[in-house]
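Trainee: What follows is model_28.txt, made up of compact mmCIF, C-alpha atoms:
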# COMPACT_ATOMS: atom_id res chain seq x y z
CA MET A 205 29.00 4.28 -7.77
CA SER A 206 28.41 3.00 -11.31
CA PRO A 207 26.49 5.26 -13.73
CA CYS A 208 23.50 2.95 -13.91
CA SER A 209 23.25 2.54 -10.13
CA ARG A 210 22.18 6.19 -10.11
CA PHE A 211 18.70 5.17 -11.24
CA ARG A 212 17.91 4.76 -7.55
CA ILE A 213 18.47 8.42 -6.75
CA ALA A 214 15.67 10.91 -7.21
CA ASP A 215 17.70 14.11 -7.09
CA SER A 216 17.91 15.68 -10.56
CA LYS A 217 21.66 15.96 -10.18
CA PHE A 218 21.89 12.18 -10.38
CA ALA A 219 18.69 11.16 -12.20
CA ARG A 220 18.62 13.26 -15.38
CA SER A 221 16.36 11.85 -18.07
CA GLU A 222 19.23 11.04 -20.45
CA GLU A 223 20.90 8.98 -17.73
CA LYS A 224 17.66 7.08 -17.16
CA LEU A 225 17.42 6.27 -20.85
CA ALA A 226 21.04 5.16 -20.99
CA CYS A 227 20.50 2.77 -18.11
CA PHE A 228 17.02 1.65 -19.20
CA PRO A 229 17.14 0.45 -22.82
CA SER A 230 13.59 -0.82 -22.31
CA TYR A 231 12.25 2.37 -20.79
CA LEU A 232 9.74 2.68 -23.64
CA PRO A 233 6.80 0.23 -23.94
CA GLY A 234 7.63 -3.37 -24.70
CA PRO A 235 9.23 -6.29 -22.88
CA PRO A 236 12.47 -5.50 -21.03
CA SER A 237 15.76 -6.60 -22.59
CA SER A 238 17.81 -9.23 -20.85
CA ASN A 239 20.35 -6.68 -19.63
CA SER A 240 17.79 -4.34 -18.07
CA PRO A 241 19.12 -3.39 -14.61
CA ALA A 242 15.64 -3.17 -13.10
CA LEU A 243 12.47 -5.21 -13.34
CA ALA A 244 9.74 -4.38 -15.85
CA PRO A 245 10.18 -0.66 -16.55
CA TRP A 246 7.77 -1.21 -19.47
CA LEU A 247 4.95 -1.78 -16.94
CA ALA A 248 4.92 1.97 -16.35
CA SER A 249 3.57 2.40 -19.88
CA VAL A 250 0.98 -0.38 -19.98
CA THR A 251 -2.52 0.76 -20.93
CA PRO A 252 -4.63 0.58 -17.74
CA PHE A 253 -7.88 -1.36 -17.59
CA THR A 254 -9.91 1.53 -16.18
CA LEU A 255 -7.74 4.60 -15.73
CA VAL A 256 -7.37 7.37 -18.27
CA SER A 257 -3.59 6.88 -18.23
CA PRO A 258 -0.89 5.26 -16.05
CA SER A 259 -0.06 8.70 -14.63
CA GLN A 260 -3.63 9.58 -13.60
CA PHE A 261 -2.83 9.09 -9.91
CA ARG A 262 0.93 9.66 -10.01
CA ALA A 263 2.27 10.54 -6.56
CA VAL A 264 3.79 13.86 -5.58
CA PRO A 265 7.60 13.98 -5.75
CA PRO A 266 9.41 12.13 -2.95
CA PRO A 267 11.42 14.13 -0.42
CA LEU A 268 15.20 13.95 -0.32
CA THR A 269 16.71 16.90 1.53
CA SER A 270 13.79 17.47 3.93
CA LYS A 271 13.33 16.65 7.62
CA ARG A 272 10.66 14.15 6.55
CA TYR A 273 13.22 12.24 4.54
CA ALA A 274 15.69 12.31 7.43
CA SER A 275 13.03 10.93 9.79
CA ALA A 276 12.02 8.14 7.39
CA TYR A 277 15.69 7.35 6.74
CA LYS A 278 16.48 6.95 10.44
CA GLU A 279 13.33 4.86 10.97
CA VAL A 280 14.05 2.30 8.29
CA LYS A 281 17.75 2.24 9.18
CA SER A 282 16.82 1.28 12.73
CA LEU A 283 13.76 -0.94 12.19
CA GLY A 284 14.64 -2.49 8.85
CA SER A 285 18.20 -3.63 9.46
CA ALA A 286 19.16 -7.28 9.08
CA THR A 287 21.36 -7.04 12.18
CA ASN A 288 21.29 -5.01 15.40
CA SER A 289 17.75 -3.87 14.61
CA SER A 290 15.40 -2.24 17.10
CA ARG A 291 12.52 -4.44 15.83
CA THR A 292 10.68 -6.61 18.31
CA PRO A 293 10.23 -10.32 17.51
CA ALA A 294 6.56 -9.59 16.77
CA GLN A 295 7.54 -6.88 14.28
CA THR A 296 10.00 -9.22 12.60
CA ASP A 297 7.31 -11.85 12.19
CA LEU A 298 4.90 -9.25 10.79
CA ALA A 299 7.58 -8.32 8.26
CA LEU A 300 8.05 -11.94 7.24
CA PHE A 301 4.29 -12.53 7.08
CA TRP A 302 3.78 -9.69 4.60
CA PHE A 303 6.90 -10.56 2.56
CA SER A 304 4.49 -12.36 0.29
CA ASN A 305 3.07 -12.68 -3.20
CA TYR A 306 0.36 -10.05 -2.93
CA GLN A 307 -1.68 -11.15 -5.94
CA VAL A 308 -1.95 -14.68 -4.54
CA LEU A 309 -2.51 -13.47 -1.00
CA TRP A 310 -5.33 -11.04 -1.79
CA ASN A 311 -7.05 -13.39 -4.20
CA ARG A 312 -7.22 -16.01 -1.45
CA VAL A 313 -8.84 -13.40 0.79
CA LEU A 314 -11.18 -12.40 -2.02
CA ARG A 315 -12.35 -15.97 -2.61
CA ASP A 316 -13.01 -16.50 1.10
CA ILE A 317 -14.94 -13.26 1.49
CA ALA A 318 -16.95 -13.79 -1.69
CA GLY A 319 -17.83 -17.32 -0.65
CA ALA A 320 -18.99 -16.21 2.78
CA HIS A 321 -20.71 -12.91 2.01
CA VAL A 322 -21.66 -12.64 -1.67
CA TYR A 323 -24.73 -14.71 -2.50
CA ASN A 324 -25.39 -13.57 -6.07
CA ILE A 325 -22.74 -14.80 -8.50
CA ASP A 326 -23.28 -11.71 -10.64
CA ASP A 327 -22.10 -9.56 -7.75
CA THR A 328 -18.75 -11.33 -7.44
CA ALA A 329 -17.55 -9.43 -10.52
CA ARG A 330 -18.60 -6.18 -8.89
CA LEU A 331 -16.15 -6.69 -6.06
CA LEU A 332 -13.74 -5.08 -8.57
CA VAL A 333 -10.69 -6.08 -6.56
CA ASN A 334 -8.60 -7.41 -9.42
CA LEU A 335 -9.42 -4.49 -11.71
CA ALA A 336 -8.38 -2.14 -8.92
CA MET A 337 -5.21 -4.07 -8.07
CA ALA A 338 -4.14 -4.29 -11.71
CA ASP A 339 -4.45 -0.55 -12.26
CA ALA A 340 -2.90 0.17 -8.86
CA GLY A 341 0.12 -1.85 -9.93
CA ILE A 342 0.40 0.14 -13.16
CA THR A 343 0.06 3.33 -11.11
CA ALA A 344 2.89 2.22 -8.82
CA TRP A 345 5.19 1.45 -11.75
CA ASP A 346 4.39 4.75 -13.43
CA THR A 347 5.48 6.55 -10.27
CA LYS A 348 8.51 4.31 -9.73
CA TYR A 349 9.96 4.94 -13.15
CA HIS A 350 8.98 8.58 -13.26
CA TYR A 351 10.92 9.48 -10.10
CA VAL A 352 13.40 6.55 -10.02
CA PHE A 353 13.97 6.90 -6.27
CA TRP A 354 16.58 4.83 -4.46
CA ARG A 355 15.85 2.04 -2.03
CA PRO A 356 16.84 2.33 1.64
CA VAL A 357 19.80 -0.03 1.19
CA THR A 358 21.39 2.28 -1.37
CA ALA A 359 20.32 5.44 0.45
CA ILE A 360 21.88 4.29 3.73
CA GLN A 361 25.04 2.93 2.17
CA GLU A 362 25.39 6.22 0.27
CA GLY A 363 24.10 8.32 3.16
CA GLU A 364 27.11 10.59 3.21
CA ASN A 365 26.54 11.58 -0.42
CA ASP A 366 22.81 12.37 -0.60
CA GLY A 367 22.96 16.10 0.05
CA ASN A 368 21.02 15.75 3.31
CA PRO A 369 23.24 16.66 6.30
CA ARG A 370 21.01 14.96 8.87
CA PRO A 371 21.29 11.19 8.20
CA ASP A 372 24.47 9.26 8.97
CA GLY A 373 25.42 6.74 6.33
CA ASP A 374 26.51 3.15 6.91
CA ALA A 375 28.33 1.44 4.06
CA ASN A 376 27.73 -2.00 5.61
CA TRP A 377 23.99 -1.70 6.28
CA GLN A 378 21.76 -4.46 4.91
CA PRO A 379 17.94 -4.85 5.03
CA LEU A 380 16.07 -7.72 6.66
CA VAL A 381 15.02 -9.05 3.23
CA ASN A 382 16.52 -8.65 -0.22
CA ASN A 383 15.41 -5.48 -1.97
CA PRO A 384 13.39 -6.00 -5.18
CA ASN A 385 15.20 -4.75 -8.29
CA TYR A 386 13.04 -1.74 -9.04
CA PRO A 387 12.75 1.73 -7.48
CA ASP A 388 11.40 2.42 -4.01
CA TYR A 389 8.80 5.11 -4.60
CA THR A 390 5.99 4.17 -4.44
CA SER A 391 5.42 0.74 -2.91
CA GLY A 392 3.71 -1.79 -5.17
CA ALA A 393 2.61 -3.90 -2.19
CA ASN A 394 0.89 -0.95 -0.58
CA ASN A 395 -0.66 0.16 -3.86
CA LEU A 396 -2.22 -3.28 -4.35
CA THR A 397 -3.25 -3.58 -0.70
CA GLY A 398 -4.75 -0.08 -0.59
CA ALA A 399 -6.73 -0.84 -3.74
CA ALA A 400 -7.92 -4.26 -2.59
CA THR A 401 -8.97 -3.24 0.90
CA LEU A 402 -10.83 -0.12 -0.17
CA ALA A 403 -12.52 -1.89 -3.09
CA LEU A 404 -13.89 -4.43 -0.61
CA ALA A 405 -14.93 -1.72 1.86
CA LEU A 406 -16.73 0.19 -0.87
CA PHE A 407 -18.58 -2.91 -2.07
CA PHE A 408 -19.74 -3.89 1.42
CA GLN A 409 -20.25 -0.24 2.41
CA THR A 410 -18.24 -0.72 5.59
CA ASP A 411 -14.66 -1.06 6.73
CA GLU A 412 -15.82 -3.55 9.36
CA MET A 413 -15.24 -7.14 8.23
CA THR A 414 -13.71 -10.15 9.96
CA PHE A 415 -11.45 -12.02 7.56
CA SER A 416 -8.24 -14.02 7.60
CA VAL A 417 -5.08 -13.57 5.56
CA THR A 418 -2.69 -16.46 4.87
CA THR A 419 0.91 -15.62 4.05
CA THR A 420 2.76 -17.12 1.09
CA ASN A 421 6.03 -16.98 3.05
CA PRO A 422 6.86 -20.24 4.91
CA ALA A 423 9.46 -18.39 6.98
CA ALA A 424 6.78 -16.53 8.95
CA ILE A 425 5.98 -18.04 12.34
CA GLN A 426 2.35 -16.89 12.26
CA GLN A 427 0.96 -18.19 8.99
CA VAL A 428 -2.59 -16.82 9.35
CA ARG A 429 -3.68 -13.43 10.68
CA THR A 430 -7.27 -12.41 11.37
CA TYR A 431 -8.42 -8.82 10.94
CA ASN A 432 -11.66 -7.09 11.86
CA GLN A 433 -11.23 -4.11 9.55
CA PHE A 434 -9.93 -3.86 6.00
CA SER A 435 -7.98 -0.75 6.95
CA ASP A 436 -6.15 -2.65 9.71
CA ALA A 437 -4.61 -4.99 7.17
CA ALA A 438 -3.61 -2.04 4.99
CA ALA A 439 -1.97 -0.37 8.01
CA ASP A 440 0.04 -3.51 8.76
CA VAL A 441 1.45 -3.58 5.24
CA VAL A 442 2.74 -0.02 5.64
CA GLU A 443 4.62 -1.02 8.78
CA ALA A 444 5.79 -4.38 7.44
CA ARG A 445 7.58 -2.92 4.43
CA ILE A 446 9.56 -0.66 6.78
CA TYR A 447 10.42 -3.58 9.07
CA GLU A 448 11.61 -5.48 6.00
CA GLY A 449 13.99 -2.64 5.25
CA ILE A 450 12.82 -2.21 1.67
CA HIS A 451 10.73 1.00 1.78
CA PHE A 452 10.73 4.42 3.35
CA ARG A 453 7.51 5.28 5.19
CA PHE A 454 6.59 7.98 2.68
CA ALA A 455 6.80 5.42 -0.14
CA ASP A 456 4.36 3.17 1.72
CA ALA A 457 1.95 5.92 2.76
CA GLN A 458 1.78 7.49 -0.69
CA ALA A 459 1.28 4.07 -2.29
CA ARG A 460 -1.63 3.24 0.00
CA LYS A 461 -3.18 6.59 -0.94
CA GLN A 462 -2.67 5.87 -4.66
CA GLY A 463 -4.27 2.45 -4.36
CA ARG A 464 -7.27 3.94 -2.59
CA HIS A 465 -7.62 6.59 -5.32
CA VAL A 466 -7.65 3.82 -7.93
CA ALA A 467 -10.24 1.80 -6.00
CA ARG A 468 -12.57 4.80 -5.72
CA TRP A 469 -12.20 5.51 -9.43
CA VAL A 470 -12.94 1.91 -10.43
CA PHE A 471 -15.88 1.59 -8.05
CA SER A 472 -17.52 4.80 -9.23
CA HIS A 473 -17.00 4.24 -12.97
CA PHE A 474 -17.12 0.51 -13.79
CA LEU A 475 -19.47 -2.47 -13.45
CA ARG A 476 -21.97 -0.41 -11.54
CA SER A 477 -25.23 -1.97 -10.49
CA VAL A 478 -28.27 -0.84 -12.46
CA ASP A 479 -29.72 0.12 -9.09
CA ASP A 480 -27.10 2.87 -8.92
CA ASP A 481 -28.19 4.37 -12.24
CA GLU A 482 -31.02 6.83 -12.66
CA TRP A 483 -32.72 4.32 -14.95
CA ASP A 484 -36.17 5.54 -13.93
CA GLU A 485 -35.54 8.60 -16.10
CA HIS A 486 -35.41 6.28 -19.10
CA ASP A 487 -38.28 3.89 -18.39
CA ASP A 488 -41.27 3.15 -20.59
CA GLY A 489 -43.24 6.08 -19.28
CA ASP A 490 -45.54 4.10 -17.00
CA ASN A 491 -45.31 6.81 -14.37
CA GLU A 492 -45.86 9.71 -16.71
CA GLU A 493 -49.03 11.72 -16.25
For the structure just supplied, provide its representation as structure tokens.

Mentor:
Amino acid sequence: MSPCSRFRIADSKFARSEEKLACFPSYLPGPPSSNSPALAPWLASVTPFTLVSPSQFRAVPPPLTSKRYASAYKEVKSLGSATNSSRTPAQTDLALFWFSNYQVLWNRVLRDIAGAHVYNIDDTARLLVNLAMADAGITAWDTKYHYVFWRPVTAIQEGENDGNPRPDGDANWQPLVNNPNYPDYTSGANNLTGAATLALALFFQTDEMTFSVTTTNPAAIQQVRTYNQFSDAAADVVEARIYEGIHFRFADAQARKQGRHVARWVFSHFLRSVDDDEWDEHDDGDNEE
């Protein structure tokens, strides 16, 4: 294992801060250098649009030597493998469907929902989806580059060396899709999806909504999926990233939680309707005795 490949391991034995800095010359704010071994570490330090700081909703530390890690490891090893997987054909197609560009995908959904259900153009800004997704993405990157946790492909190939006696490693294991070149924990796709779906639910004051999602991946057999609840789409993304072989379940679940925290923060603090304010305490005194 090369020194800089250790950025994927969360255990302090392998991921000491000085090793991170040696492998991440662009770890501080600013554009990444051309020889950066991972994508956009500087995004972890971007000033958020609405949050107090990128770390405001940083996730709890990921597990490594626990039974929870062993369970998630075995799950993604079985369901996320490129070959000899236990996935069903339907699960494979769900994985391919959600192997998408999430900004494009959710903005298509947003335009359709706004066009069908938002009749006042002023209210379209108050959907707050893009503000929530932007800060959820920053939140994900803050967590990714704080813990620098390895992807399943590295974890499984190095499974004999992780300090956890339960999982069995496989040096030849490969995921269904190529792993993105940044740390596993937490999932950016689930952060964005958790933020988008809850922002919409908060605006409409219900999780119940019939809407369609169109994939950006031409390899998916089913190109359009219809949902009746925002939370159902969010749940599918958690499963899909495991079927793709690129995330542990705890990385997906924590990311969805982070995205939802961001959405609640944005909805309660920004672009609020005047009807939500106690403006009658500051009126012209017409009701005063």

Trainee: Rounded to one decimal, what separation in Å do you get between CA of Ala276 in chain A and CA of Pro293 in chain A?

Mentor: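 Separation of CA of Ala276 in chain A and CA of Pro293 in chain A: 21.1 Å.
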
Trainee: Within 8 Å of Phe407 in chain A, counting all atoms listed in the file, which residues qualify if same-chain residues fewer than 3 places away don't, as a list in words?

Mentor: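 The contact residues come out as Arg330, Leu331, Ala403, Leu404, Thr410 and Phe471 of chain A.
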
Trainee: Could you give me, as CSV, a per-residue list for range 325-407 of chain A showing, wherever an atom lies at most 10 Å from an atom of range 434-443 of chain A, the closest pair of atoms and their distance in Å to one decimal, using all atoms listed in the file and sorting by chain then residue number from low to high?

Mentor:
residue,atom,partner,partner_atom,distance
A:Ser391,CA,A:Val442,CA,9.0
A:Ala393,CA,A:Val441,CA,7.5
A:Asn394,CA,A:Val441,CA,6.4
A:Asn395,CA,A:Ala438,CA,9.6
A:Leu396,CA,A:Ala438,CA,9.5
A:Thr397,CA,A:Ala438,CA,5.9
A:Gly398,CA,A:Ala438,CA,6.0
A:Ala399,CA,A:Ala438,CA,9.3
A:Ala400,CA,A:Phe434,CA,8.8
A:Thr401,CA,A:Phe434,CA,5.2
A:Leu402,CA,A:Phe434,CA,7.3
A:Ala403,CA,A:Phe434,CA,9.7
A:Leu404,CA,A:Phe434,CA,7.7
A:Ala405,CA,A:Phe434,CA,6.8

Trainee: Against range 444-464 of chain A, which residues of range 272-345 of chain A fall within 8 Å? For each one I want the closest pair of atoms and the distance in Å (one decimal), counting only C-alpha atoms, rows by chain and increasing residue number, as JSON lines.

Mentor:
{"residue": "A:Ala276", "atom": "CA", "partner": "A:Phe452", "partner_atom": "CA", "distance": 5.6}
{"residue": "A:Tyr277", "atom": "CA", "partner": "A:Phe452", "partner_atom": "CA", "distance": 6.7}
{"residue": "A:Glu279", "atom": "CA", "partner": "A:Ile446", "partner_atom": "CA", "distance": 7.9}
{"residue": "A:Val280", "atom": "CA", "partner": "A:Ile446", "partner_atom": "CA", "distance": 5.6}
{"residue": "A:Lys281", "atom": "CA", "partner": "A:Gly449", "partner_atom": "CA", "distance": 7.3}
{"residue": "A:Leu283", "atom": "CA", "partner": "A:Tyr447", "partner_atom": "CA", "distance": 5.3}
{"residue": "A:Gly284", "atom": "CA", "partner": "A:Gly449", "partner_atom": "CA", "distance": 3.7}
{"residue": "A:Ser285", "atom": "CA", "partner": "A:Gly449", "partner_atom": "CA", "distance": 6.0}
{"residue": "A:Ala286", "atom": "CA", "partner": "A:Gly449", "partner_atom": "CA", "distance": 7.9}
{"residue": "A:Arg291", "atom": "CA", "partner": "A:Tyr447", "partner_atom": "CA", "distance": 7.1}
{"residue": "A:Gln295", "atom": "CA", "partner": "A:Tyr447", "partner_atom": "CA", "distance": 6.8}
{"residue": "A:Thr296", "atom": "CA", "partner": "A:Tyr447", "partner_atom": "CA", "distance": 6.7}
{"residue": "A:Leu298", "atom": "CA", "partner": "A:Ala444", "partner_atom": "CA", "distance": 6.0}
{"residue": "A:Ala299", "atom": "CA", "partner": "A:Ala444", "partner_atom": "CA", "distance": 4.4}
{"residue": "A:Leu300", "atom": "CA", "partner": "A:Glu448", "partner_atom": "CA", "distance": 7.5}
{"residue": "A:Trp302", "atom": "CA", "partner": "A:Ala444", "partner_atom": "CA", "distance": 6.3}
{"residue": "A:Phe303", "atom": "CA", "partner": "A:Glu448", "partner_atom": "CA", "distance": 7.7}
{"residue": "A:Ala336", "atom": "CA", "partner": "A:Gly463", "partner_atom": "CA", "distance": 7.7}
{"residue": "A:Met337", "atom": "CA", "partner": "A:Gly463", "partner_atom": "CA", "distance": 7.6}
{"residue": "A:Ala340", "atom": "CA", "partner": "A:Gly463", "partner_atom": "CA", "distance": 5.2}
{"residue": "A:Thr343", "atom": "CA", "partner": "A:Gln462", "partner_atom": "CA", "distance": 7.5}
{"residue": "A:Ala344", "atom": "CA", "partner": "A:Ala459", "partner_atom": "CA", "distance": 7.0}

Trainee: Neighbourhood query: residues within 10 Å of (20.5, 5.5, 2.5), file coordinates, counting only C-alpha atoms; return as a PyMOL selection string.

Mentor: chain A and resi 213+274+277-278+280-281+354-366+371-375+377+452

Trainee: Quick one: of A:Ala423, A:Leu406, A:Thr347, A:Tyr323, who's nearest to Tyr386 in chain A, counting all atoms listed in the file?

Mentor: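 The answer is A:Thr347, which sits nearest to Tyr386 in chain A.
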
Trainee: Determine the nearest neighbour of Asp316 in chain A from the options A:Ile425, A:Thr419, A:Thr414, A:Tyr349, counting only C-alpha atoms.

Mentor: A:Thr414

Trainee: If you measure from CA of Thr418 in chain A to CA of Asn288 in chain A, what distance in Å do you get, rounded to one decimal?

Mentor: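 Atom-to-atom, CA of Thr418 in chain A and CA of Asn288 in chain A are spaced 28.6 Å apart.
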
Trainee: What's the separation between CA of Arg272 in chain A and CA of Asn376 in chain A, in Å to one decimal place?

Mentor: 23.5 Å

Trainee: Here is a test: counting all atoms listed in the file, which residue of A:Arg312, A:His465, A:Tyr351, A:Leu268 is nearest to Val428 in chain A?

Mentor: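 Smallest separation from Val428 in chain A among the options: A:Arg312.
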
Trainee: Hey, which of A:Thr254, A:Asn421, A:Ser416, A:Asn311 ends up closest to Gln433 in chain A? Count all atoms listed in the file.

Mentor: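 Looking at the shortest contact to Gln433 in chain A, the residue is A:Ser416.
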